[in-house]
>>> print(open('run_24.txt').read())   # compact mmCIF, C-alpha atoms and all ligand atoms
# COMPACT_ATOMS: atom_id res chain seq x y z
CA MET A 1 -16.61 -19.39 -147.33
CA GLY A 2 -16.81 -15.95 -148.87
CA CYS A 3 -14.15 -13.73 -150.32
CA ALA A 4 -13.65 -11.22 -147.48
CA ARG A 5 -10.12 -10.77 -146.22
CA PRO A 6 -9.85 -12.00 -142.61
CA ILE A 7 -8.36 -9.24 -140.44
CA ASP A 8 -5.52 -10.86 -138.51
CA GLY A 9 -5.83 -9.47 -134.99
CA LYS A 10 -3.35 -12.01 -133.68
CA ALA A 11 -0.59 -10.70 -135.94
CA ALA A 12 -1.51 -7.05 -135.26
CA ALA A 13 -1.49 -7.70 -131.51
CA ALA A 14 1.88 -9.50 -131.67
CA ALA A 15 3.39 -6.56 -133.58
CA LEU A 16 1.99 -4.07 -131.06
CA ARG A 17 3.27 -6.11 -128.12
CA GLU A 18 6.74 -6.12 -129.70
CA ARG A 19 6.65 -2.31 -129.93
CA VAL A 20 5.36 -2.04 -126.35
CA ALA A 21 8.18 -4.27 -125.09
CA GLU A 22 10.79 -2.09 -126.85
CA ALA A 23 9.20 1.13 -125.55
CA SER A 24 9.00 -0.41 -122.10
CA ARG A 25 12.78 -1.05 -122.12
CA GLU A 26 13.32 2.54 -123.26
CA PHE A 27 11.07 3.78 -120.41
CA SER A 28 13.06 1.75 -117.87
CA ARG A 29 16.31 3.36 -119.09
CA LYS A 30 14.86 6.85 -118.67
CA ALA A 31 12.79 6.41 -115.50
CA LEU A 32 15.15 3.93 -113.80
CA ARG A 33 12.20 1.66 -113.09
CA LYS A 34 9.88 -0.62 -115.04
CA PRO A 35 6.28 0.34 -115.87
CA GLY A 36 4.00 -1.22 -113.23
CA LEU A 37 0.62 -2.87 -113.85
CA HIS A 38 -1.46 -4.34 -111.03
CA VAL A 39 -4.55 -6.48 -111.57
CA VAL A 40 -7.18 -7.13 -108.91
CA LEU A 41 -9.28 -10.29 -109.16
CA VAL A 42 -12.11 -10.85 -106.68
CA GLY A 43 -13.61 -14.34 -106.48
CA ASP A 44 -13.13 -17.40 -108.65
CA ASP A 45 -15.08 -16.80 -111.86
CA PRO A 46 -13.31 -19.25 -114.23
CA ALA A 47 -13.43 -16.98 -117.32
CA SER A 48 -12.03 -14.04 -115.30
CA ALA A 49 -9.26 -16.28 -113.93
CA VAL A 50 -8.24 -17.17 -117.51
CA TYR A 51 -8.25 -13.49 -118.64
CA VAL A 52 -6.25 -12.40 -115.58
CA GLY A 53 -3.71 -15.21 -116.07
CA ALA A 54 -3.20 -14.07 -119.67
CA LYS A 55 -2.73 -10.46 -118.55
CA GLU A 56 -0.19 -11.49 -115.90
CA LYS A 57 1.87 -13.42 -118.46
CA ALA A 58 1.67 -10.59 -120.99
CA LEU A 59 2.81 -7.87 -118.58
CA HIS A 60 5.98 -9.74 -117.62
CA LYS A 61 6.72 -10.57 -121.27
CA ALA A 62 6.44 -6.85 -122.06
CA GLY A 63 9.16 -6.05 -119.52
CA MET A 64 6.74 -4.60 -116.96
CA GLU A 65 6.52 -5.12 -113.26
CA GLY A 66 3.33 -5.99 -111.45
CA ALA A 67 1.21 -8.51 -109.67
CA VAL A 68 -2.22 -10.02 -109.54
CA HIS A 69 -4.03 -9.46 -106.24
CA ARG A 70 -6.36 -12.44 -105.84
CA LEU A 71 -9.05 -11.75 -103.22
CA PRO A 72 -11.73 -14.14 -101.93
CA ALA A 73 -15.29 -13.85 -103.31
CA ASP A 74 -16.60 -12.57 -99.94
CA THR A 75 -14.15 -9.64 -99.79
CA SER A 76 -15.87 -6.60 -98.28
CA GLU A 77 -16.23 -3.34 -100.18
CA ALA A 78 -14.05 -1.61 -97.57
CA ASP A 79 -11.21 -4.12 -98.07
CA LEU A 80 -11.38 -3.84 -101.86
CA LEU A 81 -11.45 -0.03 -101.76
CA GLY A 82 -8.57 -0.19 -99.26
CA LEU A 83 -6.44 -2.18 -101.72
CA VAL A 84 -7.30 0.19 -104.59
CA GLY A 85 -6.34 3.12 -102.34
CA LYS A 86 -2.99 1.48 -101.56
CA LEU A 87 -2.28 0.95 -105.25
CA ASN A 88 -3.33 4.55 -106.01
CA ALA A 89 -0.76 5.79 -103.49
CA ASP A 90 2.09 3.51 -104.61
CA PRO A 91 4.45 5.47 -106.91
CA ALA A 92 5.67 2.25 -108.61
CA VAL A 93 2.15 1.46 -109.84
CA ASP A 94 1.22 3.02 -113.20
CA GLY A 95 -1.84 0.94 -114.05
CA ILE A 96 -4.64 -0.57 -111.96
CA LEU A 97 -7.18 -2.96 -113.44
CA VAL A 98 -10.05 -4.40 -111.43
CA GLN A 99 -11.29 -7.44 -113.35
CA LEU A 100 -15.04 -7.41 -114.06
CA PRO A 101 -17.56 -8.74 -113.27
CA LEU A 102 -17.28 -8.26 -109.52
CA PRO A 103 -19.33 -10.42 -107.13
CA ALA A 104 -22.89 -9.07 -106.77
CA HIS A 105 -22.40 -7.53 -103.28
CA LEU A 106 -19.77 -5.12 -104.62
CA ASP A 107 -20.72 -1.85 -106.36
CA GLU A 108 -18.77 -1.91 -109.65
CA ALA A 109 -19.23 1.78 -110.47
CA LYS A 110 -18.05 2.82 -107.00
CA VAL A 111 -14.98 0.59 -107.19
CA LEU A 112 -14.03 1.77 -110.70
CA ASP A 113 -14.43 5.41 -109.73
CA THR A 114 -12.08 4.93 -106.77
CA ILE A 115 -9.19 4.16 -109.13
CA ASP A 116 -6.91 7.16 -109.74
CA PRO A 117 -7.92 8.26 -113.29
CA ALA A 118 -4.20 8.63 -114.16
CA LYS A 119 -3.79 4.88 -113.42
CA ASP A 120 -7.11 3.76 -114.93
CA VAL A 121 -5.65 1.63 -117.74
CA ASP A 122 -9.05 0.06 -118.50
CA GLY A 123 -10.39 3.56 -119.23
CA PHE A 124 -13.65 2.95 -117.34
CA HIS A 125 -13.41 5.85 -114.85
CA VAL A 126 -15.95 8.63 -115.47
CA VAL A 127 -13.10 11.11 -115.82
CA ASN A 128 -11.59 9.13 -118.70
CA ALA A 129 -15.03 8.49 -120.26
CA GLY A 130 -15.72 12.24 -120.02
CA LYS A 131 -12.36 13.18 -121.54
CA LEU A 132 -12.99 10.81 -124.43
CA ALA A 133 -16.45 12.32 -124.95
CA VAL A 134 -15.11 15.89 -125.14
CA GLY A 135 -12.14 14.92 -127.31
CA LYS A 136 -9.34 15.29 -124.72
CA GLU A 137 -6.39 12.91 -124.26
CA ALA A 138 -7.73 9.99 -122.22
CA LEU A 139 -6.98 6.43 -121.23
CA VAL A 140 -9.35 4.68 -123.64
CA PRO A 141 -11.05 1.29 -123.02
CA CYS A 142 -8.82 -1.42 -124.49
CA THR A 143 -11.26 -3.35 -126.70
CA PRO A 144 -12.61 -0.40 -128.70
CA ALA A 145 -9.09 1.10 -128.87
CA GLY A 146 -7.95 -2.21 -130.40
CA CYS A 147 -10.85 -2.15 -132.90
CA ILE A 148 -9.92 1.36 -134.06
CA ARG A 149 -6.31 0.28 -134.63
CA LEU A 150 -7.45 -2.66 -136.74
CA LEU A 151 -9.82 -0.41 -138.68
CA LYS A 152 -7.18 2.22 -139.40
CA GLU A 153 -4.71 -0.44 -140.51
CA GLU A 154 -7.39 -1.86 -142.79
CA ARG A 155 -9.02 1.31 -144.18
CA GLY A 156 -6.57 4.12 -143.50
CA ASP A 157 -8.61 7.31 -143.29
CA LEU A 158 -12.06 6.68 -141.79
CA SER A 159 -13.24 10.21 -142.51
CA GLY A 160 -16.79 10.43 -143.88
CA LEU A 161 -17.43 6.67 -143.74
CA HIS A 162 -20.71 5.55 -142.21
CA ALA A 163 -20.05 3.43 -139.13
CA VAL A 164 -22.84 1.50 -137.44
CA VAL A 165 -22.04 0.28 -133.92
CA ILE A 166 -24.45 -2.32 -132.58
CA GLY A 167 -24.25 -2.16 -128.78
CA ARG A 168 -24.08 0.80 -126.39
CA SER A 169 -22.28 -0.55 -123.32
CA ASN A 170 -19.86 1.72 -121.46
CA ILE A 171 -17.12 -0.85 -122.05
CA VAL A 172 -17.39 -1.32 -125.81
CA GLY A 173 -20.25 0.30 -127.75
CA LYS A 174 -20.17 3.89 -126.44
CA PRO A 175 -16.38 4.36 -126.45
CA MET A 176 -16.24 2.70 -129.88
CA ALA A 177 -18.72 5.26 -131.20
CA GLN A 178 -16.70 8.12 -129.64
CA LEU A 179 -13.47 6.87 -131.20
CA LEU A 180 -15.08 6.55 -134.63
CA LEU A 181 -16.46 10.08 -134.28
CA ALA A 182 -12.98 11.31 -133.38
CA GLU A 183 -11.81 9.74 -136.69
CA ASN A 184 -14.51 11.78 -138.47
CA ALA A 185 -16.73 8.82 -139.32
CA THR A 186 -20.49 9.38 -139.43
CA VAL A 187 -21.69 7.23 -136.55
CA THR A 188 -24.97 5.45 -135.85
CA ILE A 189 -25.35 3.65 -132.51
CA ALA A 190 -27.87 0.79 -132.46
CA HIS A 191 -29.13 -1.22 -129.50
CA SER A 192 -31.89 -3.56 -128.35
CA ARG A 193 -34.63 -0.95 -128.98
CA THR A 194 -33.45 -0.01 -132.47
CA ARG A 195 -36.06 -0.50 -135.17
CA ASN A 196 -35.18 -1.93 -138.59
CA LEU A 197 -31.70 -2.96 -137.45
CA PRO A 198 -30.87 -5.06 -140.56
CA GLU A 199 -31.77 -2.09 -142.78
CA ILE A 200 -29.56 0.28 -140.77
CA ALA A 201 -26.70 -2.21 -140.68
CA ARG A 202 -26.87 -2.52 -144.49
CA THR A 203 -25.96 1.18 -144.81
CA ALA A 204 -22.70 0.73 -142.91
CA ASP A 205 -19.26 1.05 -144.51
CA ILE A 206 -17.96 -0.06 -141.13
CA LEU A 207 -20.13 -2.43 -139.13
CA VAL A 208 -19.18 -3.09 -135.50
CA ALA A 209 -21.07 -5.78 -133.58
CA ALA A 210 -20.73 -5.68 -129.77
CA VAL A 211 -23.88 -7.39 -128.60
CA GLY A 212 -23.17 -10.76 -127.01
CA ARG A 213 -25.62 -12.73 -129.19
CA PRO A 214 -24.13 -15.60 -131.18
CA GLU A 215 -24.15 -14.97 -134.95
CA MET A 216 -26.95 -12.38 -134.75
CA VAL A 217 -25.66 -10.30 -137.67
CA LYS A 218 -26.57 -12.17 -140.84
CA GLY A 219 -25.02 -11.98 -144.30
CA ASP A 220 -27.87 -9.88 -145.68
CA TRP A 221 -27.26 -7.22 -142.97
CA VAL A 222 -23.87 -6.49 -144.55
CA LYS A 223 -23.26 -3.96 -147.32
CA GLU A 224 -21.15 -5.14 -150.24
CA GLY A 225 -17.52 -4.15 -149.54
CA ALA A 226 -18.05 -3.23 -145.86
CA THR A 227 -15.48 -3.75 -143.13
CA VAL A 228 -16.94 -5.85 -140.32
CA ILE A 229 -15.56 -5.79 -136.78
CA ASP A 230 -16.96 -8.58 -134.62
CA VAL A 231 -16.37 -7.90 -130.92
CA GLY A 232 -18.63 -10.70 -129.66
CA ILE A 233 -17.27 -13.74 -127.88
CA ASN A 234 -19.96 -16.39 -127.39
CA ARG A 235 -19.61 -20.05 -126.60
CA LEU A 236 -22.21 -22.27 -128.31
CA PRO A 237 -23.65 -25.20 -126.35
CA PRO A 238 -21.39 -28.27 -126.66
CA PRO A 239 -22.46 -30.77 -129.36
CA GLU A 240 -22.18 -33.59 -126.85
CA GLU A 241 -21.65 -33.97 -123.13
CA GLY A 242 -18.06 -33.44 -122.02
CA ALA A 243 -17.15 -31.61 -125.24
CA LYS A 244 -16.42 -27.86 -125.45
CA GLY A 245 -18.86 -25.63 -127.35
CA LYS A 246 -17.55 -23.71 -130.36
CA LEU A 247 -16.52 -20.07 -129.89
CA VAL A 248 -18.40 -17.72 -132.23
CA GLY A 249 -18.85 -13.98 -132.61
CA ASP A 250 -21.93 -11.80 -132.94
CA VAL A 251 -21.64 -12.09 -136.74
CA ALA A 252 -22.49 -15.14 -138.88
CA TYR A 253 -18.94 -15.21 -140.28
CA GLY A 254 -19.40 -17.35 -143.37
CA GLU A 255 -22.44 -15.42 -144.64
CA ALA A 256 -21.00 -12.00 -143.79
CA ALA A 257 -17.71 -12.88 -145.49
CA GLU A 258 -19.65 -13.33 -148.78
CA LYS A 259 -20.48 -9.60 -148.71
CA ALA A 260 -17.77 -7.85 -146.70
CA ALA A 261 -14.38 -6.79 -148.04
CA ALA A 262 -12.73 -7.54 -144.71
CA ILE A 263 -13.89 -9.08 -141.44
CA THR A 264 -12.42 -9.99 -138.06
CA PRO A 265 -12.67 -13.71 -137.25
CA VAL A 266 -13.61 -15.06 -133.81
CA PRO A 267 -11.29 -16.14 -132.32
CA GLY A 268 -8.19 -14.35 -133.61
CA GLY A 269 -9.68 -10.95 -134.49
CA VAL A 270 -10.54 -8.33 -131.86
CA GLY A 271 -9.78 -10.56 -128.83
CA PRO A 272 -5.96 -10.56 -129.01
CA MET A 273 -5.88 -6.76 -129.40
CA THR A 274 -7.47 -6.17 -125.98
CA ILE A 275 -4.46 -7.28 -123.91
CA ALA A 276 -2.01 -5.57 -126.29
CA MET A 277 -3.91 -2.29 -125.81
CA LEU A 278 -3.88 -2.78 -122.03
CA LEU A 279 -0.07 -2.93 -122.14
CA ALA A 280 -0.02 0.12 -124.43
CA ASN A 281 -2.28 2.03 -122.00
CA THR A 282 -0.01 1.09 -119.08
CA LEU A 283 2.97 2.47 -120.96
CA THR A 284 1.08 5.66 -121.79
CA ALA A 285 0.10 6.08 -118.13
CA ALA A 286 3.69 5.43 -116.99
CA HIS A 287 5.08 8.09 -119.35
CA ALA A 288 2.45 10.65 -118.29
CA ARG A 289 3.17 10.00 -114.61
CA GLU A 290 6.92 10.52 -115.16
CA GLY A 291 6.33 13.64 -117.28
CA LEU A 292 7.80 11.87 -120.35
CA GLU A 293 6.62 12.17 -123.96
CA PRO A 294 4.43 9.11 -124.72
CA PRO A 295 5.93 6.69 -127.27
CA LYS A 296 4.43 6.35 -130.75
CA LEU A 297 3.08 2.82 -130.81
P1 LIG A 301 -23.32 -5.71 -122.86
O1 LIG A 301 -24.21 -6.85 -122.55
O2 LIG A 301 -22.90 -4.78 -121.79
O3 LIG A 301 -24.00 -4.83 -124.01
C1 LIG A 301 -24.63 -5.42 -125.10
C2 LIG A 301 -25.27 -4.36 -125.97
O4 LIG A 301 -25.92 -5.03 -127.05
C3 LIG A 301 -26.31 -3.51 -125.25
O5 LIG A 301 -26.13 -2.15 -125.59
C4 LIG A 301 -27.64 -4.05 -125.79
O6 LIG A 301 -28.64 -3.07 -125.94
C5 LIG A 301 -27.25 -4.53 -127.16
N1 LIG A 301 -28.15 -5.59 -127.62
C6 LIG A 301 -28.56 -6.70 -126.95
N2 LIG A 301 -29.43 -7.41 -127.70
C7 LIG A 301 -29.57 -6.74 -128.85
C8 LIG A 301 -30.35 -6.97 -130.02
N3 LIG A 301 -31.12 -8.03 -130.15
N4 LIG A 301 -30.26 -6.07 -131.02
C9 LIG A 301 -29.47 -4.97 -130.91
N5 LIG A 301 -28.71 -4.72 -129.83
C10 LIG A 301 -28.76 -5.58 -128.81
O7 LIG A 301 -22.04 -6.35 -123.60
P2 LIG A 301 -20.55 -5.78 -123.83
O8 LIG A 301 -20.62 -4.51 -124.59
O9 LIG A 301 -19.79 -5.84 -122.57
O10 LIG A 301 -19.97 -6.94 -124.76
C11 LIG A 301 -20.53 -7.22 -126.04
C12 LIG A 301 -19.87 -8.47 -126.60
O11 LIG A 301 -18.47 -8.25 -126.74
C13 LIG A 301 -19.98 -9.71 -125.71
O12 LIG A 301 -20.09 -10.87 -126.55
C14 LIG A 301 -18.65 -9.76 -124.97
O13 LIG A 301 -18.29 -11.07 -124.63
C15 LIG A 301 -17.73 -9.24 -126.05
N6 LIG A 301 -16.52 -8.61 -125.52
C16 LIG A 301 -15.34 -8.96 -126.12
C17 LIG A 301 -14.16 -8.40 -125.70
C18 LIG A 301 -12.91 -8.78 -126.41
O14 LIG A 301 -11.84 -8.64 -125.87
N7 LIG A 301 -13.01 -9.21 -127.68
C19 LIG A 301 -14.11 -7.46 -124.57
C20 LIG A 301 -15.42 -7.05 -124.09
C21 LIG A 301 -16.57 -7.65 -124.54
P3 LIG A 301 -29.34 -2.31 -124.68
O15 LIG A 301 -28.33 -1.30 -124.24
O16 LIG A 301 -30.55 -1.70 -125.28
O17 LIG A 301 -29.62 -3.37 -123.66
>>> encode(input="run_24.txt", output="C-alpha cells")
Amino acid sequence: MGCARPIDGKAAAAALRERVAEASREFSRKALRKPGLHVVLVGDDPASAVYVGAKEKALHKAGMEGAVHRLPADTSEADLLGLVGKLNADPAVDGILVQLPLPAHLDEAKVLDTIDPAKDVDGFHVVNAGKLAVGKEALVPCTPAGCIRLLKEERGDLSGLHAVVIGRSNIVGKPMAQLLLAENATVTIAHSRTRNLPEIARTADILVAAVGRPEMVKGDWVKEGATVIDVGINRLPPPEEGAKGKLVGDVAYGEAAEKAAAITPVPGGVGPMTIAMLLANTLTAAHAREGLEPPKL
C-alpha cells in the first residue's frame, strides 16, 4: 500500500448530514413545515431498490418529510408523468428524484425534464444543467457536488490547478468539469475517444475518474502528489459461486496510492457524499421555495 492519504468520504458525509439535520430543524421553525423530499422508483432493479432505501432512511434521519413512490415496472409514461405533475403541484414537496435507470419503454430525458426545475434535487433538468454551464445558481448533480466538497476540503483553493476528468456523462463527468471550471481550475475532459489518455492523466494535479471500468486508471497514470477522486463503483466477478464480488473503483487503488498525495477509497470515498448532497440540495430547494436565505452548509 502506498503513502497517499485516504480521503474519508464517510466522515465528511456524516459531518454534512449533521449540519443538514440542524439546518432542517431551523427551516421547520421558520417555515412551520419540514423540508419535503419525494423519490420515485419504477420497477424492481435490485441496485436501485438499495439506493432508494438508503435515501428514504437518510431523509427521515435529517428531519425531512417525504415518501418513496414505488411503481410497477410496466407503469405507462402517462402515469409516471402524472405522478411527477402531482408532486410538482404539491406545495409540501421541495425535492423530486426519479431514480435511474428507468425501464426501457420510458423516455428518461422526457421524464426528467417534466420535473419542476425548482424541485429538481438531482440537478439533471436541462434548466439546471444550463444554469450550471453559464455560472448561475443551480441545483447541481449530487455526485460531482460531493466530489468538489471533498476536493476543496483536501486542497483548499483549486485555482490554476490542472484537473483531468475522465468521463463526460451528464450525471458525473460534464457537471464535474463545470464545477472545477467554476473553481478556476484548468480543466481537461477525457472520454472513450481520447488519445494518449495515460499521458494526459499524468499531467493532472486533480484526477477524477468517472468511467465505470474496474481499476482502469493505473499507478503510472498518476502524477506524483496528485489528488485522485475515484467516482467508479464496479463489482468484480465473485471468486467462487455464491460469494459476493469485491467492490472496486475506476482506479487501481494500491498502485495509484504509491504516487498520489491523497485518494478517495472505494467504498467509503465519493459514494457516501452523494446522499448527503441530495439532502443538502433538498434543503437549498426548500429555502428558495420559501424565499429564505439558503443555509451555509
Ligand atoms: P457513463 O457510462 O454514463 O459514462 C462513462 C464515461 O466514461 C463516458 O463518458 C465514456 O466515454 C467514458 N469511458 C468509457 N470507457 C472509457 C475508456 N476506455 N477510456 C476513457 N473514457 C471512457 O457512467 P456515469 O458517468 O454514470 O458513471 C461513471 C462511474 O461512476 C460508474 O462506475 C458509476 O457506477 C459511478 N457512479 C458513482 C456514483 C456514486 O455515488 N459514487 C454516482 C454515479 C455514478 P464516451 O462518452 O466516449 O462513451
>>> closest_residue(input="run_24.txt", among="A:Ala204, A:Gly85, A:Thr194, A:Lys259", to="A:Lys218", atoms="only C-alpha atoms")
A:Lys259
>>> closest_residue(input="run_24.txt", among="A:Lys57, A:His162, A:Lys10, A:Lys86", to="ligand LIG 301 (chain A)", atoms="only C-alpha atoms and all ligand atoms")
A:Lys10
>>> atom_distance(input="run_24.txt", atom1="atom CA of A:Leu139", atom2="atom O2 of ligand LIG 301 (chain A)")
19.5 Å
>>> closest_residue(input="run_24.txt", among="A:Pro103, A:Pro214, A:Pro295, A:Gly123", to="A:Pro72", atoms="all atoms listed in the file")
A:Pro103
>>> residues_near_ligand(input="run_24.txt", ligand="ligand LIG 301 (chain A)", cutoff="9 Å", atoms="only C-alpha atoms and all ligand atoms", output="ChimeraX atom specification")
/A:142-144,146,166-174,190-194,197,209-214,216,230-234,249-250,266-267,269-275
>>> residues_around(input="run_24.txt", residues="A:Glu199", least_positions_apart="2", cutoff="10 Å", atoms="all atoms listed in the file", output="PyMOL selection string")
chain A and resi 195-197+201-204+220-223
>>> residues_around(input="run_24.txt", residues="stretch 18-20 of chain A", least_positions_apart="3", cutoff="12 Å", atoms="only C-alpha atoms", output="NGL selection string")
:A and (11-15 or 23-27 or 35 or 58-64 or 275-284 or 294-297)
>>> atom_distance(input="run_24.txt", atom1="atom CA of A:Glu56", atom2="atom CA of A:Ala118")
20.6 Å
>>> closest_residue(input="run_24.txt", among="A:Ala288, A:Ile229, A:Leu41, A:Met176", to="A:Pro265", atoms="only C-alpha atoms")
A:Ile229
>>> atom_distance(input="run_24.txt", atom1="atom CA of A:Glu77", atom2="atom CA of A:Lys110")
9.4 Å
>>> closest_residue(input="run_24.txt", among="A:Lys30, A:Arg155, A:His105, A:Lys244", to="A:Ile263", atoms="all atoms listed in the file")
A:Arg155
>>> axis_aligned_box(input="run_24.txt", around="stretch 142-148 of chain A", padding_each_side="4 Å", output="JSON")
{"center_x": -10.3, "center_y": -1.0, "center_z": -129.3, "size_x": 12.7, "size_y": 12.7, "size_z": 17.6}
>>> closest_atom_pairs(input="run_24.txt", of="stretch 111-185 of chain A", to="stretch 78-82 of chain A", cutoff="9 Å", atoms="all atoms listed in the file", output="Markdown table")
| residue | atom | partner | partner_atom | distance |
| --- | --- | --- | --- | --- |
| A:Val111 | CA | A:Leu81 | CA | 6.5 |
| A:Thr114 | CA | A:Leu81 | CA | 7.1 |
| A:Ile115 | CA | A:Leu81 | CA | 8.8 |
>>> residues_around(input="run_24.txt", residues="A:Leu179", least_positions_apart="4", cutoff="9 Å", atoms="all atoms listed in the file", output="PyMOL selection string")
chain A and resi 132-133+140+144-145+148+174-175+183-185
>>> closest_residue(input="run_24.txt", among="A:Leu180, A:Ala31, A:Leu100, A:Ala257", to="A:Cys147", atoms="only C-alpha atoms")
A:Leu180
>>> residues_around(input="run_24.txt", residues="stretch 90-94 of chain A", least_positions_apart="2", cutoff="6 Å", atoms="only C-alpha atoms", output="ChimeraX atom specification")
/A:36-37,87-88,119,285-286
>>> decode(input="run_24.txt", residues="stretch 205-216 of chain A", atoms="N, CA, C and O atoms", output="PDB file, in the first residue's frame")
ATOM      1  N   ASP A 205      -3.093  17.619 -11.736  1.00  0.00           N
ATOM      2  CA  ASP A 205      -2.955  17.837 -10.297  1.00  0.00           C
ATOM      3  C   ASP A 205      -4.144  17.195  -9.587  1.00  0.00           C
ATOM      4  O   ASP A 205      -4.047  16.724  -8.468  1.00  0.00           O
ATOM      5  N   ILE A 206      -5.283  17.244 -10.287  1.00  0.00           N
ATOM      6  CA  ILE A 206      -6.510  16.618  -9.775  1.00  0.00           C
ATOM      7  C   ILE A 206      -6.984  15.641 -10.848  1.00  0.00           C
ATOM      8  O   ILE A 206      -7.231  16.047 -11.992  1.00  0.00           O
ATOM      9  N   LEU A 207      -7.080  14.390 -10.492  1.00  0.00           N
ATOM     10  CA  LEU A 207      -7.504  13.387 -11.475  1.00  0.00           C
ATOM     11  C   LEU A 207      -8.827  12.784 -11.013  1.00  0.00           C
ATOM     12  O   LEU A 207      -8.914  12.214  -9.918  1.00  0.00           O
ATOM     13  N   VAL A 208      -9.867  12.963 -11.843  1.00  0.00           N
ATOM     14  CA  VAL A 208     -11.196  12.447 -11.495  1.00  0.00           C
ATOM     15  C   VAL A 208     -11.533  11.326 -12.474  1.00  0.00           C
ATOM     16  O   VAL A 208     -11.517  11.539 -13.689  1.00  0.00           O
ATOM     17  N   ALA A 209     -11.833  10.149 -11.956  1.00  0.00           N
ATOM     18  CA  ALA A 209     -12.192   9.018 -12.825  1.00  0.00           C
ATOM     19  C   ALA A 209     -13.665   8.699 -12.646  1.00  0.00           C
ATOM     20  O   ALA A 209     -14.107   8.351 -11.553  1.00  0.00           O
ATOM     21  N   ALA A 210     -14.446   8.861 -13.729  1.00  0.00           N
ATOM     22  CA  ALA A 210     -15.885   8.561 -13.699  1.00  0.00           C
ATOM     23  C   ALA A 210     -16.219   7.810 -14.971  1.00  0.00           C
ATOM     24  O   ALA A 210     -16.822   8.339 -15.896  1.00  0.00           O
ATOM     25  N   VAL A 211     -15.797   6.576 -15.017  1.00  0.00           N
ATOM     26  CA  VAL A 211     -15.809   5.793 -16.253  1.00  0.00           C
ATOM     27  C   VAL A 211     -16.720   4.566 -16.166  1.00  0.00           C
ATOM     28  O   VAL A 211     -17.483   4.265 -17.080  1.00  0.00           O
ATOM     29  N   GLY A 212     -16.606   3.835 -15.048  1.00  0.00           N
ATOM     30  CA  GLY A 212     -17.339   2.584 -14.932  1.00  0.00           C
ATOM     31  C   GLY A 212     -16.557   1.396 -15.453  1.00  0.00           C
ATOM     32  O   GLY A 212     -17.139   0.425 -15.924  1.00  0.00           O
ATOM     33  N   ARG A 213     -15.211   1.486 -15.383  1.00  0.00           N
ATOM     34  CA  ARG A 213     -14.340   0.358 -15.771  1.00  0.00           C
ATOM     35  C   ARG A 213     -13.416   0.040 -14.602  1.00  0.00           C
ATOM     36  O   ARG A 213     -12.592   0.873 -14.223  1.00  0.00           O
ATOM     37  N   PRO A 214     -13.559  -1.199 -14.062  1.00  0.00           N
ATOM     38  CA  PRO A 214     -12.816  -1.524 -12.851  1.00  0.00           C
ATOM     39  C   PRO A 214     -11.310  -1.311 -12.986  1.00  0.00           C
ATOM     40  O   PRO A 214     -10.690  -1.851 -13.898  1.00  0.00           O
ATOM     41  N   GLU A 215     -10.754  -0.509 -12.119  1.00  0.00           N
ATOM     42  CA  GLU A 215      -9.308  -0.297 -11.958  1.00  0.00           C
ATOM     43  C   GLU A 215      -8.600   0.062 -13.254  1.00  0.00           C
ATOM     44  O   GLU A 215      -7.468  -0.347 -13.494  1.00  0.00           O
ATOM     45  N   MET A 216      -9.274   0.853 -14.105  1.00  0.00           N
ATOM     46  CA  MET A 216      -8.693   1.231 -15.401  1.00  0.00           C
ATOM     47  C   MET A 216      -7.490   2.175 -15.241  1.00  0.00           C
ATOM     48  O   MET A 216      -6.516   2.088 -15.979  1.00  0.00           O
TER      49      MET A 216
END
